[in-house]
$ cat work_19.csv   # CSV, C-alpha atoms
chain,number,residue,atom,x,y,z
A,1,ASN,CA,120.4,116.4,99.9
A,2,LEU,CA,117.8,113.7,99.2
A,3,ASP,CA,116.6,112.8,95.7
A,4,LYS,CA,112.9,113.5,95.4
A,5,LYS,CA,112.2,110.6,93.1
A,6,THR,CA,113.8,108.1,95.5
A,7,LEU,CA,111.8,109.5,98.4
A,8,VAL,CA,108.6,109.4,96.5
A,9,ILE,CA,109.1,105.8,95.4
A,10,LEU,CA,110.0,104.8,99.0
A,11,ARG,CA,106.9,106.5,100.3
A,12,TRP,CA,104.7,104.8,97.6
A,13,ILE,CA,106.0,101.5,98.7
A,14,ALA,CA,105.3,102.3,102.4
A,15,ILE,CA,101.8,103.6,101.5
A,16,LEU,CA,100.9,100.5,99.4
A,17,GLY,CA,102.2,98.2,102.1
A,18,GLN,CA,100.0,100.0,104.7
A,19,LEU,CA,97.0,100.0,102.5
A,20,THR,CA,97.4,96.4,101.7
A,21,THR,CA,97.7,95.4,105.3
A,22,VAL,CA,94.8,97.5,106.5
A,23,TYR,CA,92.5,96.2,103.7
A,24,PHE,CA,93.6,92.6,104.2
A,25,VAL,CA,93.0,92.7,107.9
A,26,TYR,CA,89.6,94.4,107.5
A,27,PHE,CA,88.2,92.7,104.4
A,28,ILE,CA,89.9,89.3,104.2
A,29,LEU,CA,90.5,88.5,107.9
A,30,ASN,CA,87.3,90.4,109.0
A,31,PHE,CA,89.1,91.8,112.0
A,32,ASP,CA,87.5,94.7,113.8
A,33,LEU,CA,89.6,97.9,113.5
A,34,PRO,CA,88.8,101.7,113.2
A,35,PHE,CA,88.7,101.4,109.4
A,36,PHE,CA,87.5,105.0,108.8
A,37,PHE,CA,90.4,106.5,110.8
A,38,CYS,CA,92.9,104.2,109.1
A,39,ASN,CA,91.7,105.3,105.7
A,40,LEU,CA,91.8,109.0,106.8
A,41,ILE,CA,95.4,108.6,107.8
A,42,LEU,CA,96.3,106.7,104.6
A,43,GLY,CA,94.4,109.2,102.5
A,44,LEU,CA,96.5,112.0,104.0
A,45,ALA,CA,99.7,110.1,103.3
A,46,ILE,CA,98.6,109.6,99.6
A,47,ILE,CA,97.8,113.3,99.3
A,48,THR,CA,101.2,114.4,100.8
A,49,ASN,CA,103.0,112.0,98.4
A,50,PHE,CA,101.0,113.3,95.4
A,51,TYR,CA,102.0,116.8,96.5
A,52,LEU,CA,105.6,115.8,96.8
A,53,GLN,CA,105.6,114.0,93.4
A,54,PHE,CA,103.7,116.5,91.3
A,55,PHE,CA,103.7,119.9,92.9
A,56,PHE,CA,107.0,120.1,94.8
A,57,LYS,CA,109.2,121.6,92.0
A,58,LYS,CA,112.7,120.8,93.3
A,59,ASN,CA,114.3,117.4,92.4
A,60,SER,CA,116.8,117.6,95.3
A,61,ILE,CA,115.3,118.0,98.7
A,62,ASN,CA,117.4,119.9,101.2
A,63,ALA,CA,118.1,118.8,104.8
A,64,PHE,CA,115.3,120.9,106.4
A,65,GLU,CA,112.7,119.7,103.9
A,66,SER,CA,113.8,116.1,104.1
A,67,THR,CA,113.5,116.3,107.9
A,68,ILE,CA,110.0,117.7,107.7
A,69,ILE,CA,108.9,114.9,105.2
A,70,LEU,CA,110.5,112.2,107.3
A,71,LEU,CA,108.8,113.7,110.4
A,72,ILE,CA,105.4,113.5,108.6
A,73,ASP,CA,106.1,109.9,107.8
A,74,ILE,CA,106.9,109.1,111.5
A,75,LEU,CA,103.8,110.9,112.7
A,76,GLN,CA,101.6,109.3,110.0
A,77,LEU,CA,102.8,105.8,110.8
A,78,GLY,CA,102.6,106.5,114.6
A,79,ILE,CA,98.9,107.5,114.2
A,80,LEU,CA,98.2,104.5,112.1
A,81,LEU,CA,99.8,102.2,114.7
A,82,PHE,CA,97.9,104.0,117.4
A,83,PHE,CA,94.6,102.8,115.8
A,84,THR,CA,95.9,99.3,115.1
A,85,GLY,CA,97.4,98.0,118.4
A,86,GLY,CA,100.3,100.3,119.1
A,87,ILE,CA,103.5,98.7,120.3
A,88,LYS,CA,101.8,95.2,120.0
A,89,ASN,CA,101.4,95.6,116.2
A,90,PRO,CA,104.1,93.6,114.5
A,91,PHE,CA,104.6,96.4,112.0
A,92,ILE,CA,105.9,98.7,114.8
A,93,ILE,CA,109.5,98.0,113.5
A,94,PHE,CA,108.8,100.3,110.5
A,95,ILE,CA,108.5,103.3,112.8
A,96,ILE,CA,112.3,103.5,113.1
A,97,VAL,CA,112.9,103.5,109.3
A,98,PRO,CA,112.7,107.3,108.7
A,99,ALA,CA,115.2,108.0,111.4
A,100,ILE,CA,117.6,105.4,109.9
A,101,VAL,CA,117.1,106.9,106.5
A,102,SER,CA,117.9,110.3,108.0
A,103,SER,CA,121.1,109.0,109.6
A,104,THR,CA,122.6,108.0,106.2
A,105,LEU,CA,121.7,111.2,104.4
A,106,LEU,CA,121.2,114.1,106.8
A,107,ASN,CA,123.3,115.7,109.6
A,108,LEU,CA,123.4,114.6,113.2
A,109,LYS,CA,121.1,117.3,114.4
A,110,ASN,CA,118.2,116.3,112.1
A,111,THR,CA,118.8,112.6,112.8
A,112,PHE,CA,118.8,113.2,116.6
A,113,PHE,CA,115.5,115.2,116.3
A,114,LEU,CA,113.8,112.4,114.2
A,115,SER,CA,115.2,109.8,116.6
A,116,PHE,CA,113.9,111.7,119.6
A,117,VAL,CA,110.4,112.0,118.0
A,118,THR,CA,110.5,108.3,117.2
A,119,VAL,CA,111.4,107.3,120.8
A,120,LEU,CA,108.6,109.6,122.1
A,121,ILE,CA,106.1,108.0,119.8
A,122,LEU,CA,107.3,104.5,120.8
A,123,PHE,CA,106.7,105.3,124.5
A,124,LEU,CA,103.3,106.8,123.8
A,125,LEU,CA,102.3,103.8,121.7
A,126,THR,CA,103.4,101.5,124.6
A,127,PHE,CA,100.8,103.0,126.9
A,128,TYR,CA,98.2,104.6,124.6
A,129,HIS,CA,96.6,102.7,121.7
A,130,PHE,CA,93.5,101.0,120.4
A,131,PRO,CA,93.4,97.2,120.8
A,132,ILE,CA,95.3,95.2,118.2
A,133,PRO,CA,92.8,94.0,115.5
A,134,ALA,CA,91.5,90.5,116.2
A,135,PRO,CA,88.5,88.4,115.2
A,136,GLY,CA,85.3,89.1,117.0
A,137,LYS,CA,85.7,90.1,120.7
A,138,ILE,CA,88.9,88.2,121.3
A,139,HIS,CA,91.3,90.2,123.5
A,140,PHE,CA,95.0,89.8,122.5
A,141,HIS,CA,96.8,89.9,125.9
A,142,VAL,CA,100.5,90.6,126.0
A,143,PRO,CA,102.3,90.7,129.4
A,144,ALA,CA,103.6,94.1,130.4
A,145,TYR,CA,107.2,92.9,130.6
A,146,PHE,CA,107.0,91.8,127.0
A,147,ILE,CA,105.5,95.1,125.9
A,148,TYR,CA,108.3,97.0,127.6
A,149,ALA,CA,110.9,94.7,126.1
A,150,ILE,CA,109.5,95.5,122.6
A,151,THR,CA,109.8,99.2,123.3
A,152,LEU,CA,113.3,98.9,124.7
A,153,SER,CA,114.5,96.6,121.8
A,154,LEU,CA,113.2,99.1,119.3
A,155,VAL,CA,115.0,102.0,121.0
A,156,ILE,CA,118.2,100.1,121.1
A,157,ALA,CA,117.9,99.1,117.5
A,158,LEU,CA,117.2,102.7,116.6
A,159,ILE,CA,120.3,103.9,118.4
A,160,PHE,CA,122.4,101.1,116.9
A,161,LEU,CA,121.2,101.6,113.4
A,162,THR,CA,121.3,105.4,113.3
A,163,TYR,CA,124.8,105.4,114.8
A,164,PHE,CA,126.1,103.1,112.1
A,165,GLY,CA,124.0,104.8,109.4
A,166,SER,CA,125.6,108.1,110.4
A,167,ARG,CA,129.1,106.7,110.5
A,168,PHE,CA,128.7,105.1,107.1
A,169,GLY,CA,127.0,108.1,105.6
A,170,ASN,CA,129.7,110.4,106.9
A,171,GLU,CA,132.5,108.2,105.6
A,172,SER,CA,130.8,107.9,102.2
A,173,ARG,CA,130.4,111.7,102.0
A,174,LYS,CA,134.1,112.2,102.9
A,175,LYS,CA,135.2,109.7,100.2
A,176,THR,CA,133.0,111.5,97.6
A,177,GLU,CA,134.4,114.8,98.6
A,178,ALA,CA,138.0,113.5,98.3
A,179,LEU,CA,137.3,111.9,94.9
A,180,ASN,CA,135.7,115.2,93.7
A,181,LYS,CA,138.9,117.1,94.7

$ encode --input "work_19.csv" --output "structure tokens"
Amino acid sequence: NLDKKTLVILRWIAILGQLTTVYFVYFILNFDLPFFFCNLILGLAIITNFYLQFFFKKNSINAFESTIILLIDILQLGILLFFTGGIKNPFIIFIIVPAIVSSTLLNLKNTFFLSFVTVLILFLLTFYHFPIPAPGKIHFHVPAYFIYAITLSLVIALIFLTYFGSRFGNESRKKTEALNK
């Protein structure tokens, strides 16, 4: 089970980071980006976190509920990345975090599901996305081989980190069970 307070705090950190980045890029750097859609996605993330923090009554979130919340986080970030450059966005690395969190706390089936969704979104963001924000009408060109390398490296990192997260999480749970006995 996942502690609600920990999850809420992690989600607030992610939301504040995303808000700061979008607002910095739009207002300080004056880069063109679909600001309305970014705010809509971030607004939904804020609403879901308020719901989780104030209206979700349980303090311990079971595996199914945790999987749904982490899935929402993956989808939310995937949509935000879609509007801000897709796989070319340097913040793409954060898309693998929910699956890695899952690997340390949840069972293999839930982790595999979240990893599969993450890989699917990575492939979609490789081919379908708005241009990466840039000043004026500048086009940020990245060679195709480099884009595919980013996708492949993220998939490999996801597999590597979820494997080790699962192993360490499983070993930790076994030690805790043994100590409790």

$ closest_atom_pairs --input "work_19.csv" --of "segment 49-141 of chain A" --to "segment 3-16 of chain A" --cutoff "8 Å" --atoms "only C-alpha atoms" --output "JSON lines"
{"residue": "A:Asn49", "atom": "CA", "partner": "A:Val8", "partner_atom": "CA", "distance": 6.5}
{"residue": "A:Leu52", "atom": "CA", "partner": "A:Val8", "partner_atom": "CA", "distance": 7.1}
{"residue": "A:Gln53", "atom": "CA", "partner": "A:Val8", "partner_atom": "CA", "distance": 6.3}
{"residue": "A:Lys58", "atom": "CA", "partner": "A:Lys4", "partner_atom": "CA", "distance": 7.6}
{"residue": "A:Asn59", "atom": "CA", "partner": "A:Lys4", "partner_atom": "CA", "distance": 5.1}
{"residue": "A:Ser60", "atom": "CA", "partner": "A:Asp3", "partner_atom": "CA", "distance": 4.8}
{"residue": "A:Ile61", "atom": "CA", "partner": "A:Lys4", "partner_atom": "CA", "distance": 6.1}

$ closest_residue --input "work_19.csv" --among "A:Ala134, A:Leu80, A:Phe164, A:Phe94" --to "Leu108 of chain A" --atoms "only C-alpha atoms"
A:Phe164

$ residues_around --input "work_19.csv" --residues "Cys38 of chain A" --least-positions-apart "4" --cutoff "9 Å" --atoms "only C-alpha atoms" --output "list of chain:residue names"
A:Leu19, A:Val22, A:Leu33, A:Pro34, A:Leu42, A:Gly43, A:Ile79, A:Leu80, A:Phe83, A:Thr84

$ closest_residue --input "work_19.csv" --among "A:Leu124, A:Ile68, A:Leu40, A:Leu77" --to "Gln18 of chain A" --atoms "only C-alpha atoms"
A:Leu77

$ closest_residue --input "work_19.csv" --among "A:Val101, A:Leu44, A:Ile69, A:Ala144" --to "Ile87 of chain A" --atoms "all atoms listed in the file"
A:Ala144

$ atom_distance --input "work_19.csv" --atom1 "atom CA of Phe140 of chain A" --atom2 "atom CA of Leu122 of chain A"
19.2 Å

$ atom_distance --input "work_19.csv" --atom1 "atom CA of Thr126 of chain A" --atom2 "atom CA of Phe37 of chain A"
19.6 Å

$ residues_around --input "work_19.csv" --residues "segment 97-100 of chain A" --least-positions-apart "3" --cutoff "8 Å" --atoms "all atoms listed in the file" --output "compact mmCIF listing (two decimals) with C-alpha atoms, in the frame of the given file"
# COMPACT_ATOMS: atom_id res chain seq x y z
CA LEU A 70 110.50 112.20 107.30
CA LEU A 71 108.80 113.70 110.40
CA ASP A 73 106.10 109.90 107.80
CA ILE A 74 106.90 109.10 111.50
CA ILE A 93 109.50 98.00 113.50
CA PHE A 94 108.80 100.30 110.50
CA SER A 103 121.10 109.00 109.60
CA THR A 104 122.60 108.00 106.20
CA THR A 111 118.80 112.60 112.80
CA LEU A 114 113.80 112.40 114.20
CA SER A 115 115.20 109.80 116.60
CA THR A 118 110.50 108.30 117.20
CA LEU A 158 117.20 102.70 116.60
CA LEU A 161 121.20 101.60 113.40
CA THR A 162 121.30 105.40 113.30
CA GLY A 165 124.00 104.80 109.40

$ closest_residue --input "work_19.csv" --among "A:Asn89, A:Glu177, A:Ile150, A:Asn1" --to "Thr21 of chain A" --atoms "all atoms listed in the file"
A:Asn89

$ closest_residue --input "work_19.csv" --among "A:Tyr23, A:Phe160, A:Ile132, A:Asn107" --to "Pro90 of chain A" --atoms "all atoms listed in the file"
A:Ile132

$ closest_residue --input "work_19.csv" --among "A:Val155, A:Phe31, A:Ile46, A:Asn180" --to "Val117 of chain A" --atoms "all atoms listed in the file"
A:Val155

$ atom_distance --input "work_19.csv" --atom1 "atom CA of Ser166 of chain A" --atom2 "atom CA of Asn110 of chain A"
11.2 Å

$ decode --input "work_19.csv" --residues "segment 84-159 of chain A" --atoms "C-alpha atoms" --output "mmCIF file, in the first residue's frame"
data_model
loop_
_atom_site.group_PDB
_atom_site.id
_atom_site.type_symbol
_atom_site.label_atom_id
_atom_site.label_comp_id
_atom_site.auth_asym_id
_atom_site.auth_seq_id
_atom_site.Cartn_x
_atom_site.Cartn_y
_atom_site.Cartn_z
ATOM 1 C CA THR A 84 5.415 21.011 -25.523
ATOM 2 C CA GLY A 85 7.627 19.135 -27.961
ATOM 3 C CA GLY A 86 7.040 15.463 -27.250
ATOM 4 C CA ILE A 87 10.151 13.315 -27.136
ATOM 5 C CA LYS A 88 12.305 16.401 -27.882
ATOM 6 C CA ASN A 89 11.312 18.025 -24.587
ATOM 7 C CA PRO A 90 14.174 17.596 -22.087
ATOM 8 C CA PHE A 91 11.619 16.902 -19.341
ATOM 9 C CA ILE A 92 10.592 13.665 -21.109
ATOM 10 C CA ILE A 93 12.685 11.748 -18.553
ATOM 11 C CA PHE A 94 9.978 12.362 -15.943
ATOM 12 C CA ILE A 95 7.484 10.195 -17.853
ATOM 13 C CA ILE A 96 9.188 7.061 -16.500
ATOM 14 C CA VAL A 97 8.996 8.099 -12.829
ATOM 15 C CA PRO A 98 5.468 6.777 -12.039
ATOM 16 C CA ALA A 99 6.338 3.295 -13.331
ATOM 17 C CA ILE A 100 9.548 3.322 -11.287
ATOM 18 C CA VAL A 101 7.603 4.360 -8.172
ATOM 19 C CA SER A 102 5.187 1.525 -8.937
ATOM 20 C CA SER A 103 8.042 -0.981 -9.162
ATOM 21 C CA THR A 104 9.169 -0.283 -5.610
ATOM 22 C CA LEU A 105 5.717 -0.386 -4.022
ATOM 23 C CA LEU A 106 3.288 -2.355 -6.177
ATOM 24 C CA ASN A 107 3.161 -5.851 -7.629
ATOM 25 C CA LEU A 108 4.694 -6.910 -10.911
ATOM 26 C CA LYS A 109 1.363 -6.921 -12.785
ATOM 27 C CA ASN A 110 0.623 -3.260 -11.946
ATOM 28 C CA THR A 111 4.201 -2.227 -12.681
ATOM 29 C CA PHE A 112 4.130 -4.023 -16.031
ATOM 30 C CA PHE A 113 0.843 -2.314 -16.941
ATOM 31 C CA LEU A 114 2.172 1.165 -16.059
ATOM 32 C CA SER A 115 5.443 0.442 -17.886
ATOM 33 C CA PHE A 116 3.533 -0.707 -20.971
ATOM 34 C CA VAL A 117 1.443 2.495 -20.975
ATOM 35 C CA THR A 118 4.617 4.553 -20.518
ATOM 36 C CA VAL A 119 6.332 2.855 -23.469
ATOM 37 C CA LEU A 120 3.226 3.344 -25.604
ATOM 38 C CA ILE A 121 3.152 7.060 -24.750
ATOM 39 C CA LEU A 122 6.881 7.350 -25.455
ATOM 40 C CA PHE A 123 6.361 5.892 -28.934
ATOM 41 C CA LEU A 124 3.356 8.143 -29.564
ATOM 42 C CA LEU A 125 5.319 11.214 -28.426
ATOM 43 C CA THR A 126 8.139 10.232 -30.763
ATOM 44 C CA PHE A 127 5.906 10.653 -33.810
ATOM 45 C CA TYR A 128 3.032 12.901 -32.684
ATOM 46 C CA HIS A 129 3.572 16.164 -30.834
ATOM 47 C CA PHE A 130 3.416 19.911 -31.133
ATOM 48 C CA PRO A 131 6.728 21.646 -31.881
ATOM 49 C CA ILE A 132 9.030 22.219 -28.951
ATOM 50 C CA PRO A 133 8.610 25.795 -27.667
ATOM 51 C CA ALA A 134 11.129 28.166 -29.186
ATOM 52 C CA PRO A 135 11.476 31.919 -29.659
ATOM 53 C CA GLY A 136 9.592 33.356 -32.609
ATOM 54 C CA LYS A 137 9.334 31.132 -35.646
ATOM 55 C CA ILE A 138 12.574 29.231 -35.048
ATOM 56 C CA HIS A 139 12.267 25.538 -35.858
ATOM 57 C CA PHE A 140 14.192 23.257 -33.508
ATOM 58 C CA HIS A 141 15.369 20.438 -35.780
ATOM 59 C CA VAL A 142 16.543 17.171 -34.274
ATOM 60 C CA PRO A 143 17.709 14.377 -36.603
ATOM 61 C CA ALA A 144 15.438 11.322 -36.663
ATOM 62 C CA TYR A 145 18.174 8.958 -35.452
ATOM 63 C CA PHE A 146 18.630 11.125 -32.362
ATOM 64 C CA ILE A 147 14.893 11.156 -31.643
ATOM 65 C CA TYR A 148 14.740 7.371 -31.920
ATOM 66 C CA ALA A 149 17.803 7.097 -29.678
ATOM 67 C CA ILE A 150 16.050 9.179 -27.003
ATOM 68 C CA THR A 151 13.021 6.897 -27.133
ATOM 69 C CA LEU A 152 15.137 3.755 -27.016
ATOM 70 C CA SER A 153 17.270 5.049 -24.139
ATOM 71 C CA LEU A 154 14.163 5.901 -22.118
ATOM 72 C CA VAL A 155 12.657 2.457 -22.714
ATOM 73 C CA ILE A 156 15.929 0.805 -21.652
ATOM 74 C CA ALA A 157 16.152 3.050 -18.571
ATOM 75 C CA LEU A 158 12.540 2.208 -17.717
ATOM 76 C CA ILE A 159 13.192 -1.537 -17.962
#
